[in-house]
Amino acid sequence: MPPAHPFDFDAALSDGDKLKEECGIFGAVGVTDAANFVALGLHALQHRGQEAGGIVTHDPDEGFNSARRFGYVRDNFTSARLMETLPGPIGIGHVRYSTAGSKGAAIRDVQPFFGEFSMGGAAIAHNGNITNADALRRELIERGSIFQSSSDSECIIHLMARSLQRNIPERMEDALRRVEGAFSIVAMTRTKLIGVRDPMGVRPLVLGKVGDGWCLASETCALDIIGAEYVREIEPGEMVVITADEGVQSHQPFRPQPSKFCIFEHVYFSRPDSLIGSKSVYETRRQIGVELARENPVDADLVCPVPDSGTPAAIGFAHESGIPFGMGIIRNQYMGRTFIEPSEHIRNMGVRLKLNVNRALIRGKRVILVDDSVVRGTTSRKIKEMILDAGAAEVHFRIASPPTAWPCFYGVDTPEREKLLAATMTEEEMRKHLSVDSLKFISLDGLYRAVGEAEGRKSNCPQYCDACFSGEYPVTPADMIKKGFQMKAAE
Ligand code: SF4
């Protein structure tokens, strides 16, 4: 994997200043050339992981085949030569941004992982993070397992190998009962496509119907690209086993627990054209902007999004406040790795390579900038400087999520707690640090209202995982506590 450089789609914009989406998973069964469907699905999920991707298929004549590559799906899985090596009516795939395992590392960490069992082979692709993986790995190694990768997800394959159950879905149930944390999984045997969500349903997984076949995906946008019909979400704690002949069989292998879907999926991770439940992500983000404007009004002349993720919230903010909406910052859509390695001078241009100010619109105006989150604050500072350089009279930040003060241990890459601006500063200290005229975040209750919880957050049993804002972790991050992470003190 080449080092991140400023022409990298993500790095130039974020400068490590966005939470990194986790992974995207996709599977299809009962279709001709499943690999093509999987590649298209992964392409639609590329925002969830740009580091690497992999596909496994099975064909009755050719057996299992796999391909794992660094880089974008479009740069690898569009080659006819490669796709011809992945025949068969069933396949699964994974796009990755590493959240566990070594970062920017070896191809052996790229999923799907494959295991050969006495009853046949199985491949799995995992989105999430296992919070007791260190303990499991130690135990498995002591009992003779030989790990191929540094990924937490490989524990699942080894736990399955040790199960005494007679078929793969039952072995998978056995394995997952030992696992703590967040997981959405697509897996496959020679004939079965399997989908599972952890008992709290932290990470998403949806079911789609395509022709006579079926598919599973992290988000509905991946169903749209292959013309599949959105059937429903896989429920928290549900396992579906799907075959071409018998369709979908649903199981509930885990003890029921209150649902804790990741609320940040609504704010940032999911694509705005996806549905969560039956609700449009775009519409939820627009509503977040409405709540933000109600909670934190300010006199100004222009509402500008920090593109692209701040755009729906800025539209909602402008609508509610009555202040005109304008594209005061323009994003260069043609970033990629097509440039030669830039000089140090160009590297230092950072955010300007990705974003530019629409000077004619900004000059002399009191500007409200709407962004999805503040993580380290480095990008926010640079954007503020660009806006002031362009002649803005005032700069007001409005943030479509509460202060991100805690790391995520459920499949999202977050800087260490000390590097999160909100972990060490009050709101007023952050405002001074960013040197802006005002800085306000949506409240947790406001965010809950925007996602459809009219009464706000139930503090005795929150309806979502919001640990990165509240510090209240629905699953104790056992491995991290052993490494010295300090949980929030009980109030
Ligand atoms: S900690 Fe934050 S990012 Fe992680 S699952 Fe919970 S809400 Fe999502």
# chains A, B, ... in the order shown; residues from 1 in each chain; ligands from 1
call {"tool": "closest_atom_pairs", "arguments": {"of": "segment 66-138 of chain A", "to": "segment 35-50 of chain A", "cutoff": "7 Å", "atoms": "only C-alpha atoms", "output": "tab-separated table"}}
result
residue	atom	partner	partner_atom	distance
A:Gly71	CA	A:Gln50	CA	6.3
A:Tyr72	CA	A:Gln50	CA	5.8
A:Val73	CA	A:His43	CA	5.6
A:Arg74	CA	A:His43	CA	6.7
A:Phe77	CA	A:Ala39	CA	6.1
A:Met83	CA	A:Ala35	CA	6.9
A:Leu86	CA	A:Ala35	CA	6.1
A:Pro87	CA	A:Ala35	CA	6.9
A:Gly91	CA	A:Ala35	CA	5.9
A:Ile92	CA	A:Val38	CA	6.3
A:Gly93	CA	A:Val38	CA	6.0
A:His94	CA	A:Leu42	CA	6.8
A:Val95	CA	A:Gly49	CA	5.2
A:Arg96	CA	A:Gly49	CA	4.3
A:Tyr97	CA	A:Gly49	CA	4.2
call {"tool": "residues_near_ligand", "arguments": {"ligand": "ligand 1", "cutoff": "9 Å", "atoms": "only C-alpha atoms and all ligand atoms", "output": "NGL selection string"}}
result
:A and (19 or 21 or 128 or 182 or 202-203 or 260-265 or 269 or 404 or 406-414 or 464-474)
call {"tool": "closest_residue", "arguments": {"among": "A:Ile383, A:Leu164, A:Leu302, A:Ala217", "to": "Ser274 of chain A", "atoms": "only C-alpha atoms"}}
result
A:Ala217
call {"tool": "select_by_dssp", "arguments": {"residues": "segment 145-306 of chain A", "states": "strand (DSSP E or B)", "output": "PyMOL selection string"}}
result
chain A and resi 181-188+193-197+206-210+213-217+229-233+239-243+247-251+261-262+275-276+279-280+302-305
call {"tool": "residues_around", "arguments": {"residues": "Gly213 of chain A", "least_positions_apart": "4", "cutoff": "7 Å", "atoms": "only C-alpha atoms", "output": "PDB file with N, CA and C atoms, in the first residue's frame"}}
result
ATOM      1  N   VAL A  29     -26.102 -14.664  -4.038  1.00  0.00           N
ATOM      2  CA  VAL A  29     -26.287 -16.087  -4.329  1.00  0.00           C
ATOM      3  C   VAL A  29     -27.435 -16.243  -5.320  1.00  0.00           C
ATOM      4  N   GLY A  30     -27.309 -17.256  -6.184  1.00  0.00           N
ATOM      5  CA  GLY A  30     -28.386 -17.541  -7.130  1.00  0.00           C
ATOM      6  C   GLY A  30     -28.392 -16.616  -8.324  1.00  0.00           C
ATOM      7  N   VAL A  31     -27.225 -16.070  -8.654  1.00  0.00           N
ATOM      8  CA  VAL A  31     -27.119 -15.180  -9.811  1.00  0.00           C
ATOM      9  C   VAL A  31     -26.025 -15.709 -10.738  1.00  0.00           C
ATOM     10  N   LYS A 209     -33.247  -8.519  -3.010  1.00  0.00           N
ATOM     11  CA  LYS A 209     -33.646  -9.575  -3.957  1.00  0.00           C
ATOM     12  C   LYS A 209     -33.247  -9.110  -5.344  1.00  0.00           C
ATOM     13  N   ALA A 244     -30.069 -20.723  -3.126  1.00  0.00           N
ATOM     14  CA  ALA A 244     -30.775 -20.391  -4.367  1.00  0.00           C
ATOM     15  C   ALA A 244     -32.114 -21.107  -4.413  1.00  0.00           C
TER      16      ALA A 244
END
call {"tool": "select_by_dssp", "arguments": {"residues": "segment 210-444 of chain A", "states": "alpha helix (DSSP H)", "output": "ChimeraX atom specification"}}
result
/A:221-224,264,281-295,311-321,344-347,359-362,378-389,421-424,427-434,444
call {"tool": "closest_residue", "arguments": {"among": "A:Asp245, A:Glu238, A:Asp109, A:Glu116", "to": "Phe64 of chain A", "atoms": "only C-alpha atoms"}}
result
A:Glu116
call {"tool": "residues_around", "arguments": {"residues": "Gly326 of chain A", "least_positions_apart": "6", "cutoff": "9 Å", "atoms": "only C-alpha atoms", "output": "list in words"}}
result
Leu302, Val303, Cys304, Pro305 and Leu361 of chain A
call {"tool": "write_last_selection", "arguments": {"atoms": "C-alpha atoms", "output": "PDB file, in the first residue's frame"}}
result
ATOM      1  CA  LEU A 302     -24.915  32.822   4.323  1.00  0.00           C
ATOM      2  CA  VAL A 303     -25.076  29.103   5.232  1.00  0.00           C
ATOM      3  CA  CYS A 304     -22.263  27.085   3.607  1.00  0.00           C
ATOM      4  CA  PRO A 305     -21.675  23.352   3.855  1.00  0.00           C
ATOM      5  CA  LEU A 361     -19.893  34.537  -2.763  1.00  0.00           C
TER       6      LEU A 361
END
call {"tool": "atom_distance", "arguments": {"atom1": "atom CA of Gly289 of chain A", "atom2": "atom CA of Gly316 of chain A"}}
result
4.4 Å
call {"tool": "atom_distance", "arguments": {"atom1": "atom CA of Ala161 of chain A", "atom2": "atom CA of Gly237 of chain A"}}
result
21.7 Å
call {"tool": "closest_residue", "arguments": {"among": "A:Ile315, A:Ile130, A:Ile124, A:Pro112", "to": "Val475 of chain A", "atoms": "only C-alpha atoms"}}
result
A:Ile130
call {"tool": "closest_residue", "arguments": {"among": "A:Val206, A:Ile194, A:Ile156, A:Leu369", "to": "Asp224 of chain A", "atoms": "only C-alpha atoms"}}
result
A:Val206
call {"tool": "closest_residue", "arguments": {"among": "A:Leu205, A:Leu136, A:Ala313, A:Met160", "to": "Arg285 of chain A", "atoms": "only C-alpha atoms"}}
result
A:Ala313
call {"tool": "closest_atom_pairs", "arguments": {"of": "segment 99-172 of chain A", "to": "segment 57-61 of chain A", "cutoff": "10 Å", "atoms": "only C-alpha atoms", "output": "CSV"}}
result
residue,atom,partner,partner_atom,distance
A:Gly121,CA,A:His58,CA,9.7
A:Ala122,CA,A:His58,CA,9.8
A:Ala123,CA,A:Thr57,CA,8.9
call {"tool": "write_last_selection", "arguments": {"atoms": "N, CA, C and O atoms", "output": "PDB file, in the first residue's frame"}}
result
ATOM      1  N   GLY A 121     -15.516 -25.958   2.637  1.00  0.00           N
ATOM      2  CA  GLY A 121     -14.897 -24.653   2.886  1.00  0.00           C
ATOM      3  C   GLY A 121     -15.927 -23.595   3.240  1.00  0.00           C
ATOM      4  O   GLY A 121     -17.125 -23.749   2.981  1.00  0.00           O
ATOM      5  N   ALA A 122     -15.433 -22.528   3.849  1.00  0.00           N
ATOM      6  CA  ALA A 122     -16.285 -21.369   4.134  1.00  0.00           C
ATOM      7  C   ALA A 122     -15.430 -20.118   4.101  1.00  0.00           C
ATOM      8  O   ALA A 122     -14.253 -20.145   4.476  1.00  0.00           O
ATOM      9  N   ALA A 123     -16.028 -19.014   3.625  1.00  0.00           N
ATOM     10  CA  ALA A 123     -15.338 -17.724   3.608  1.00  0.00           C
ATOM     11  C   ALA A 123     -16.172 -16.729   4.396  1.00  0.00           C
ATOM     12  O   ALA A 123     -17.406 -16.815   4.383  1.00  0.00           O
TER      13      ALA A 123
END
call {"tool": "closest_residue", "arguments": {"among": "A:Gly446, A:Ala125, A:Val290, A:Glu428", "to": "Met188 of chain A", "atoms": "only C-alpha atoms"}}
result
A:Ala125
call {"tool": "decode", "arguments": {"residues": "segment 226-323 of chain A", "atoms": "C-alpha atoms", "output": "PDB file, in the first residue's frame"}}
result
ATOM      1  CA  ILE A 226     -27.200  -3.906  -9.246  1.00  0.00           C
ATOM      2  CA  GLY A 227     -30.924  -3.215  -9.604  1.00  0.00           C
ATOM      3  CA  ALA A 228     -31.830  -5.282  -6.531  1.00  0.00           C
ATOM      4  CA  GLU A 229     -34.986  -4.684  -4.553  1.00  0.00           C
ATOM      5  CA  TYR A 230     -34.496  -3.702  -0.891  1.00  0.00           C
ATOM      6  CA  VAL A 231     -36.285  -6.359   1.165  1.00  0.00           C
ATOM      7  CA  ARG A 232     -35.422  -5.484   4.784  1.00  0.00           C
ATOM      8  CA  GLU A 233     -32.668  -5.016   7.345  1.00  0.00           C
ATOM      9  CA  ILE A 234     -31.171  -8.082   8.968  1.00  0.00           C
ATOM     10  CA  GLU A 235     -32.370  -7.689  12.551  1.00  0.00           C
ATOM     11  CA  PRO A 236     -29.936  -7.271  15.474  1.00  0.00           C
ATOM     12  CA  GLY A 237     -28.946 -10.776  16.603  1.00  0.00           C
ATOM     13  CA  GLU A 238     -30.401 -12.426  13.485  1.00  0.00           C
ATOM     14  CA  MET A 239     -28.669 -14.966  11.265  1.00  0.00           C
ATOM     15  CA  VAL A 240     -30.030 -15.592   7.768  1.00  0.00           C
ATOM     16  CA  VAL A 241     -29.018 -18.636   5.753  1.00  0.00           C
ATOM     17  CA  ILE A 242     -29.872 -18.218   2.079  1.00  0.00           C
ATOM     18  CA  THR A 243     -29.772 -20.776  -0.737  1.00  0.00           C
ATOM     19  CA  ALA A 244     -30.775 -20.391  -4.367  1.00  0.00           C
ATOM     20  CA  ASP A 245     -33.403 -23.155  -4.025  1.00  0.00           C
ATOM     21  CA  GLU A 246     -34.883 -22.580  -0.588  1.00  0.00           C
ATOM     22  CA  GLY A 247     -34.577 -18.822  -0.166  1.00  0.00           C
ATOM     23  CA  VAL A 248     -34.083 -17.137   3.213  1.00  0.00           C
ATOM     24  CA  GLN A 249     -34.182 -18.962   6.541  1.00  0.00           C
ATOM     25  CA  SER A 250     -33.966 -16.809   9.644  1.00  0.00           C
ATOM     26  CA  HIS A 251     -32.490 -17.826  13.034  1.00  0.00           C
ATOM     27  CA  GLN A 252     -32.028 -16.002  16.342  1.00  0.00           C
ATOM     28  CA  PRO A 253     -28.913 -17.632  17.801  1.00  0.00           C
ATOM     29  CA  PHE A 254     -28.168 -15.036  20.505  1.00  0.00           C
ATOM     30  CA  ARG A 255     -29.775 -13.895  23.725  1.00  0.00           C
ATOM     31  CA  PRO A 256     -31.869 -10.808  22.818  1.00  0.00           C
ATOM     32  CA  GLN A 257     -30.405  -7.447  23.835  1.00  0.00           C
ATOM     33  CA  PRO A 258     -31.524  -3.827  23.382  1.00  0.00           C
ATOM     34  CA  SER A 259     -30.630  -2.523  19.935  1.00  0.00           C
ATOM     35  CA  LYS A 260     -27.609  -0.161  19.773  1.00  0.00           C
ATOM     36  CA  PHE A 261     -27.218   0.806  16.145  1.00  0.00           C
ATOM     37  CA  CYS A 262     -24.323   3.224  15.521  1.00  0.00           C
ATOM     38  CA  ILE A 263     -25.841   6.728  15.493  1.00  0.00           C
ATOM     39  CA  PHE A 264     -22.830   8.004  13.521  1.00  0.00           C
ATOM     40  CA  GLU A 265     -24.063   5.997  10.514  1.00  0.00           C
ATOM     41  CA  HIS A 266     -26.859   8.575  10.313  1.00  0.00           C
ATOM     42  CA  VAL A 267     -24.471  11.513  10.679  1.00  0.00           C
ATOM     43  CA  TYR A 268     -21.596  10.559   8.421  1.00  0.00           C
ATOM     44  CA  PHE A 269     -20.696   6.963   7.548  1.00  0.00           C
ATOM     45  CA  SER A 270     -23.599   5.863   5.373  1.00  0.00           C
ATOM     46  CA  ARG A 271     -24.120   7.287   1.929  1.00  0.00           C
ATOM     47  CA  PRO A 272     -26.894   9.919   1.762  1.00  0.00           C
ATOM     48  CA  ASP A 273     -28.695   7.890  -0.923  1.00  0.00           C
ATOM     49  CA  SER A 274     -28.972   4.863   1.396  1.00  0.00           C
ATOM     50  CA  LEU A 275     -31.927   3.993   3.593  1.00  0.00           C
ATOM     51  CA  ILE A 276     -31.537   3.106   7.264  1.00  0.00           C
ATOM     52  CA  GLY A 277     -34.669   1.200   8.219  1.00  0.00           C
ATOM     53  CA  SER A 278     -37.171   2.899   5.977  1.00  0.00           C
ATOM     54  CA  LYS A 279     -35.642   6.350   6.437  1.00  0.00           C
ATOM     55  CA  SER A 280     -33.522   8.203   3.928  1.00  0.00           C
ATOM     56  CA  VAL A 281     -30.075   9.080   5.268  1.00  0.00           C
ATOM     57  CA  TYR A 282     -30.218  12.327   3.293  1.00  0.00           C
ATOM     58  CA  GLU A 283     -33.508  13.310   4.932  1.00  0.00           C
ATOM     59  CA  THR A 284     -32.176  12.498   8.415  1.00  0.00           C
ATOM     60  CA  ARG A 285     -29.114  14.666   7.787  1.00  0.00           C
ATOM     61  CA  ARG A 286     -31.320  17.509   6.565  1.00  0.00           C
ATOM     62  CA  GLN A 287     -33.341  17.156   9.774  1.00  0.00           C
ATOM     63  CA  ILE A 288     -30.133  17.272  11.832  1.00  0.00           C
ATOM     64  CA  GLY A 289     -29.519  20.678  10.225  1.00  0.00           C
ATOM     65  CA  VAL A 290     -33.037  21.775  11.195  1.00  0.00           C
ATOM     66  CA  GLU A 291     -32.471  20.768  14.838  1.00  0.00           C
ATOM     67  CA  LEU A 292     -29.039  22.411  14.811  1.00  0.00           C
ATOM     68  CA  ALA A 293     -30.555  25.711  13.627  1.00  0.00           C
ATOM     69  CA  ARG A 294     -33.278  25.535  16.289  1.00  0.00           C
ATOM     70  CA  GLU A 295     -30.772  24.877  19.058  1.00  0.00           C
ATOM     71  CA  ASN A 296     -28.038  27.261  17.918  1.00  0.00           C
ATOM     72  CA  PRO A 297     -29.351  30.215  15.922  1.00  0.00           C
ATOM     73  CA  VAL A 298     -26.988  33.009  14.858  1.00  0.00           C
ATOM     74  CA  ASP A 299     -27.317  36.207  12.833  1.00  0.00           C
ATOM     75  CA  ALA A 300     -25.527  35.684   9.530  1.00  0.00           C
ATOM     76  CA  ASP A 301     -25.774  36.221   5.769  1.00  0.00           C
ATOM     77  CA  LEU A 302     -24.915  32.822   4.323  1.00  0.00           C
ATOM     78  CA  VAL A 303     -25.076  29.103   5.232  1.00  0.00           C
ATOM     79  CA  CYS A 304     -22.263  27.085   3.607  1.00  0.00           C
ATOM     80  CA  PRO A 305     -21.675  23.352   3.855  1.00  0.00           C
ATOM     81  CA  VAL A 306     -18.229  21.858   4.264  1.00  0.00           C
ATOM     82  CA  PRO A 307     -18.620  19.529   1.270  1.00  0.00           C
ATOM     83  CA  ASP A 308     -19.720  16.930   0.744  1.00  0.00           C
ATOM     84  CA  SER A 309     -20.766  15.415   4.047  1.00  0.00           C
ATOM     85  CA  GLY A 310     -21.999  18.692   5.574  1.00  0.00           C
ATOM     86  CA  THR A 311     -24.303  19.515   2.654  1.00  0.00           C
ATOM     87  CA  PRO A 312     -27.659  17.968   3.689  1.00  0.00           C
ATOM     88  CA  ALA A 313     -27.358  19.425   7.226  1.00  0.00           C
ATOM     89  CA  ALA A 314     -26.515  22.847   5.777  1.00  0.00           C
ATOM     90  CA  ILE A 315     -29.613  22.666   3.567  1.00  0.00           C
ATOM     91  CA  GLY A 316     -31.717  21.900   6.654  1.00  0.00           C
ATOM     92  CA  PHE A 317     -30.028  24.687   8.638  1.00  0.00           C
ATOM     93  CA  ALA A 318     -30.662  27.249   5.905  1.00  0.00           C
ATOM     94  CA  HIS A 319     -34.281  26.169   5.524  1.00  0.00           C
ATOM     95  CA  GLU A 320     -35.002  26.424   9.255  1.00  0.00           C
ATOM     96  CA  SER A 321     -33.102  29.670   9.834  1.00  0.00           C
ATOM     97  CA  GLY A 322     -34.263  31.434   6.667  1.00  0.00           C
ATOM     98  CA  ILE A 323     -30.626  32.367   5.913  1.00  0.00           C
TER      99      ILE A 323
END
